[in-house]
Amino acid sequence: MQTSPRPNTALFDALRLLQVRFDGTVVHVHLNRPDKRNAISDEMVAELHTAFANIPPEARAAVVSGEGTHFCAGLDLSELEERTVAEGILHSRAWHAAFDQVQFGRVPVVVALHGAVVGGGLELAAAAHVRVAERSAFYALPEGQRGIFVGGGGAVRLPRLIGLARMTDMMLTGRAYNAEDGQIIGLSHYLVEAGQGLAAGMDLARRIAGNAPLTNFAVMHVLPRIAEADPASGFLTESLMAAIAQDDEEARLRLKAFFEKQAPKVRGKS
Ligand code: 1HE
């Protein structure tokens with residue numbers, strides 16, 4: 001039985017560049033810096049970390065979206081100042097820590113994309129679990145043109161999404177993909193019409209929120225490790241997780257509901 005979150009709203013209300021709202025068991029995190037195309041400043045990195053590290057226990061899923069004409073213009077270039085190598089490493093590691101909270105936090109995260117999804121904005125999108133793109137979305141890694149390198153986990157996550165060869169091309173040539181091509185190469189899971197991204201993302205998040213929490217946990221935290229493991233370790237880990245999940249009360253209740261014809265059947269298309 002799900003209850004609505006009783007969030008620590010004071011903590012979320014104090015955030016300046018993010019709007020955090022609660023819709024039942026779904027947390028909506030909205031990038032709210034439209035005048036700078038939601039460019040990710042150090043402050044925004046820290047706020048993303050705070051928001052995702054403090055998702056309330058009652059929440060079951062989250063949605064990330066962006067205000068204005070673009071999802072996110074990536075790193076706030078105005079903050080690219082003279083840094084020592086050590087400071088540069090720490091800067092990148094702060095992004096890693098924040099996006100780690102997105103990918104390996106408490107709840108699955110759906111991201112609703114539109115307009116520019118570039119540089120660090122694409123790295124943020126890559127840390128989410130499900131990506132919904134409006135037809136206006138476009139993807140690029142302009143780090144090459146700016147003389148820098150990805151630093152928000154893109155070098156780890158993007159080759160796993162679209163392949164090393166495609167990422168190499170994007171970074172070397174500045175190639176941008178439109179929403180349709182982004183869908184084909186696997187940058188988005190869903191492609192929707194203009195203005196529909198957030199609603200579609202919220203629908204998906206509500207569907208995710210209806211799953212057994214342990215299944216969602218396993219998909220977020222165990223499946224990626226199995227996928228990267230050697231097959232023998234992967235099969236063993238899978239069997240352990242399967243046994244733990246089936247032993248959960250939630251699984252028993254859901255199977256009972258199915259045999260009592262109280263549970264929805266699988267439909268051909270969703
Ligand atoms: C910014 C940024 C930014 C816009 N940092 N201020 N990212 C990039 O290389 C992308 C750079 N941005 C763009 O290519 C364009 O701005 C957009 C395609 C995203 C949007 O274009 P447009 O015409 O809607 O907006 P605009 O007029 O270019 O920008 C509006 C304002 O936002 C303007 O400021 P204003 O004070 O003149 O009004 C821009 O300067 C500001 N703005 N993007 C700072 N990125 C962890 S490593 C990650 C490395 C990266 O992410 S590299 C990629 C950086």
# chains A, B, ... in the order shown; residues from 1 in each chain; ligands from 1
$ closest_atom_pairs --of "chain A" --to "ligand 1" --cutoff "6 Å" --atoms "only C-alpha atoms and all ligand atoms" --output "Markdown table"
| residue | atom | partner | partner_atom_place_in_ligand_line | distance |
| --- | --- | --- | --- | --- |
| A:Asp35 | CA | ligand 1 | 31 (C) | 5.6 |
| A:Lys36 | CA | ligand 1 | 32 (O) | 3.4 |
| A:Arg37 | CA | ligand 1 | 32 (O) | 5.2 |
| A:Ala39 | CA | ligand 1 | 3 (C) | 4.9 |
| A:Ala73 | CA | ligand 1 | 19 (C) | 4.2 |
| A:Gly74 | CA | ligand 1 | 51 (O) | 3.6 |
| A:Leu75 | CA | ligand 1 | 51 (O) | 3.7 |
| A:Asp76 | CA | ligand 1 | 5 (N) | 3.4 |
| A:Leu77 | CA | ligand 1 | 5 (N) | 3.9 |
| A:Ser78 | CA | ligand 1 | 44 (C) | 5.1 |
| A:Ser92 | CA | ligand 1 | 46 (C) | 5.8 |
| A:Ala116 | CA | ligand 1 | 19 (C) | 5.3 |
| A:Gly119 | CA | ligand 1 | 51 (O) | 3.4 |
| A:Gly120 | CA | ligand 1 | 51 (O) | 3.6 |
| A:Pro142 | CA | ligand 1 | 53 (C) | 5.1 |
| A:Glu143 | CA | ligand 1 | 52 (S) | 4.3 |
| A:Val150 | CA | ligand 1 | 47 (S) | 4.5 |
| A:Gly151 | CA | ligand 1 | 46 (C) | 3.7 |
| A:Gly152 | CA | ligand 1 | 46 (C) | 4.1 |
$ residues_around --residues "A:Asn178" --least-positions-apart "6" --cutoff "9 Å" --atoms "only C-alpha atoms" --output "list in words"
Arg135, Ser136, Ala137, Phe138 and Tyr139 of chain A
$ atom_distance --atom1 "atom CA of A:Val222" --atom2 "atom CA of A:Met241"
7.8 Å
$ residues_around --residues "A:Ala127" --least-positions-apart "6" --cutoff "7 Å" --atoms "only C-alpha atoms" --output "PyMOL selection string"
chain A and resi 99+102-103
$ write_last_selection --atoms "N, CA and C atoms" --output "mmCIF file, in the first residue's frame"
data_model
loop_
_atom_site.group_PDB
_atom_site.id
_atom_site.type_symbol
_atom_site.label_atom_id
_atom_site.label_comp_id
_atom_site.auth_asym_id
_atom_site.auth_seq_id
_atom_site.Cartn_x
_atom_site.Cartn_y
_atom_site.Cartn_z
ATOM 1 N N PHE A 99 25.380 12.934 -9.857
ATOM 2 C CA PHE A 99 24.682 12.090 -10.829
ATOM 3 C C PHE A 99 24.605 10.638 -10.339
ATOM 4 N N VAL A 102 21.484 10.330 -8.704
ATOM 5 C CA VAL A 102 20.387 10.174 -9.660
ATOM 6 C C VAL A 102 20.276 8.700 -10.065
ATOM 7 N N GLN A 103 21.406 8.130 -10.496
ATOM 8 C CA GLN A 103 21.354 6.762 -11.040
ATOM 9 C C GLN A 103 21.198 5.698 -9.952
#
$ closest_residue --among "A:Phe71, A:Phe149, A:Phe235, A:Phe22" --to "A:Glu134" --atoms "only C-alpha atoms"
A:Phe71
$ closest_residue --among "A:Pro56, A:Gly186, A:Gly144, A:Gly153" --to "A:Ala94" --atoms "only C-alpha atoms"
A:Gly153
$ select_by_dssp --residues "stretch 26-115 of chain A" --states "strand (DSSP E)" --output "list in words"
Val26, Val27, His28, Val29, His30, Leu31, Ala61, Ala62, Val63, Val64, Ser65, Gly66, Val109, Val110, Val111, Ala112 and Leu113 of chain A
